[in-house]
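Please read the structure below before turning to the comments.
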Amino acid sequence: MATKWLDERESDAWRLHLRAHGELLAELNRRLMRESGLSIADYGVLSNLSEAPDERLRTTELASAMNWERSRTSHHVTRMVGRDLVGRDECEDDGRGSFVVLTATGRHALASAAPGHAADVRELFIGPVGDRLDAVAAVSRATLEALASEG
């Protein structure tokens with residue numbers, strides 16, 4: 001079967017999407033680091049924990065929520081533990097597993113960073129997208145559904 005390459009329109013759309021996504025994340029990361037000392041990855045971990053029951057998740061659940069490999073999650077959490085942003089609790093049901101827990105320091109860091117981060121997201125993404133926000137959400141949802149059906 002012959003490979004069906006992307007035509008110019010498809011290639012242009014795909015490359016623009018990749019570039020915009022990469023540059024947006026890089027700029028949000030720069031701003032978060034400058035304003036709060038948190039990376040976009042730190043913010044994602046803290047956000048996921050803050051929304052979890054009892055502000056804690058199993059390491060595997062956090063990895064899934066972040067769309068990370070378990071080893072990446074474990075290494076990142078170790079660095080965050082060293083900064084007292086999160087803690088680790090042993091899992092009583094499973095001696096091999098552990099919970100990642102939001103600390104008071106992490107809760108405060110997230111609460112301090114969130115207003116500026118929300119303003120940055122609004123400035124760099126929501127504002128430029130404007131009245132096409134529902135269309136962007138629909139495209140993202142369709143992509144996620146296609147990926148889920150592959151899994």
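Here's how to read the names in the structure tokens: chain A, B, ... by the order shown, residue numbers from 1 in each chain, ligand numbers from 1 in the order shown.
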Can you pull out the residues contacting range 11-24 of chain A? Cut-off 12 Å, using only C-alpha atoms, and skip same-chain residues under 2 positions away; I want them as a list in words. Trp5, Leu6, Asp7, Glu8, Arg9, Ala26, Glu27, Leu28, Asn29, Arg30, Arg31, Ile40, Asp120, Val121, Arg122, Glu123, Leu124, Phe125, Ile126, Pro128, Val129, Val136, Val139 and Ser140 of chain A
Can you pull out every residue from range 30-118 of chain A that DSSP, working from the backbone, puts in strand (DSSP E), and format the result as a short mmCIF file (atom, residue, chain, number, x, y, z; two decimals) with N, CA and C atoms, in the first residue's frame?
data_model
loop_
_atom_site.label_atom_id
_atom_site.label_comp_id
_atom_site.auth_asym_id
_atom_site.auth_seq_id
_atom_site.Cartn_x
_atom_site.Cartn_y
_atom_site.Cartn_z
N ARG A 56 -4.82 13.90 47.14
CA ARG A 56 -3.83 12.84 47.01
C ARG A 56 -4.21 11.89 45.88
N LEU A 57 -3.19 11.39 45.19
CA LEU A 57 -3.39 10.43 44.11
C LEU A 57 -2.31 9.37 44.18
N ARG A 58 -2.63 8.16 43.76
CA ARG A 58 -1.60 7.15 43.60
C ARG A 58 -0.67 7.65 42.50
N VAL A 86 5.04 18.67 47.47
CA VAL A 86 4.24 17.45 47.61
C VAL A 86 4.95 16.53 48.59
N GLY A 87 4.20 15.56 49.08
CA GLY A 87 4.78 14.53 49.93
C GLY A 87 4.40 13.17 49.39
N ARG A 88 4.97 12.15 49.97
CA ARG A 88 4.64 10.77 49.60
C ARG A 88 4.13 10.06 50.85
N ASP A 89 3.03 9.34 50.68
CA ASP A 89 2.49 8.49 51.74
C ASP A 89 2.47 7.07 51.22
N GLU A 90 2.84 6.15 52.07
CA GLU A 90 2.78 4.74 51.69
C GLU A 90 1.32 4.32 51.51
N SER A 98 2.48 4.01 46.34
CA SER A 98 2.47 5.17 47.23
C SER A 98 1.50 6.20 46.70
N PHE A 99 1.15 7.12 47.59
CA PHE A 99 0.32 8.25 47.22
C PHE A 99 1.21 9.49 47.13
N VAL A 100 0.88 10.36 46.20
CA VAL A 100 1.48 11.68 46.14
C VAL A 100 0.45 12.62 46.76
N VAL A 101 0.90 13.43 47.71
CA VAL A 101 0.00 14.25 48.52
C VAL A 101 0.40 15.71 48.43
N LEU A 102 -0.58 16.56 48.27
CA LEU A 102 -0.34 18.00 48.25
C LEU A 102 0.02 18.47 49.66
#
Could you tell me how far CA of Ser50 in chain A sits from CA of Asn67 in chain A, in Å to one decimal place?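 Computed distance, CA of Asn67 in chain A to CA of Ser50 in chain A, equals 17.2 Å.
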One number please: CA of Thr60 in chain A to CA of Arg107 in chain A, in Å, one decimal.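 Separating CA of Thr60 in chain A from CA of Arg107 in chain A is a distance of 21.0 Å.
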List as an mmCIF file with C-alpha atoms, in the first residue's frame the protein and nucleic acid residues near range 35-39 of chain A, meaning an atom at most 8 Å away when only C-alpha atoms are counted, but skip any in the same chain fewer than 3 places from it.
data_model
loop_
_atom_site.group_PDB
_atom_site.id
_atom_site.type_symbol
_atom_site.label_atom_id
_atom_site.label_comp_id
_atom_site.auth_asym_id
_atom_site.auth_seq_id
_atom_site.Cartn_x
_atom_site.Cartn_y
_atom_site.Cartn_z
ATOM 1 C CA ASN A 29 6.246 27.845 31.354
ATOM 2 C CA ARG A 30 8.547 30.898 31.173
ATOM 3 C CA ARG A 31 5.920 33.122 32.748
ATOM 4 C CA LEU A 32 5.070 30.644 35.500
ATOM 5 C CA ASP A 42 4.867 21.484 38.655
ATOM 6 C CA TYR A 43 1.645 23.422 38.131
ATOM 7 C CA ALA A 109 2.322 27.859 45.787
ATOM 8 C CA SER A 112 -0.315 32.107 44.567
ATOM 9 C CA ALA A 113 0.423 31.068 40.971
ATOM 10 C CA GLY A 116 -1.420 34.946 37.129
#
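For the pair CA of Thr143 in chain A and CA of Ser74 in chain A, the separation is 28.0 Å.
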Mind checking which residues fall within 12 Å of Trp68 in chain A, counting only C-alpha atoms, ignoring those fewer than 6 positions away in the same chain, and posting them as a short mmCIF file (atom, residue, chain, number, x, y, z; two decimals) with C-alpha atoms, in the first residue's frame?
data_model
loop_
_atom_site.label_atom_id
_atom_site.label_comp_id
_atom_site.auth_asym_id
_atom_site.auth_seq_id
_atom_site.Cartn_x
_atom_site.Cartn_y
_atom_site.Cartn_z
CA ALA A 41 4.83 20.50 34.96
CA GLY A 44 0.02 20.42 36.44
CA VAL A 45 0.96 18.11 39.30
CA THR A 59 1.54 7.69 41.57
CA THR A 60 0.03 5.69 38.70
CA GLU A 61 -3.13 7.83 38.78
CA LEU A 62 -1.06 11.02 38.68
CA SER A 74 8.29 9.41 40.00
CA HIS A 75 11.38 11.49 39.16
CA HIS A 76 9.42 14.73 38.96
CA VAL A 77 7.60 14.02 42.22
#
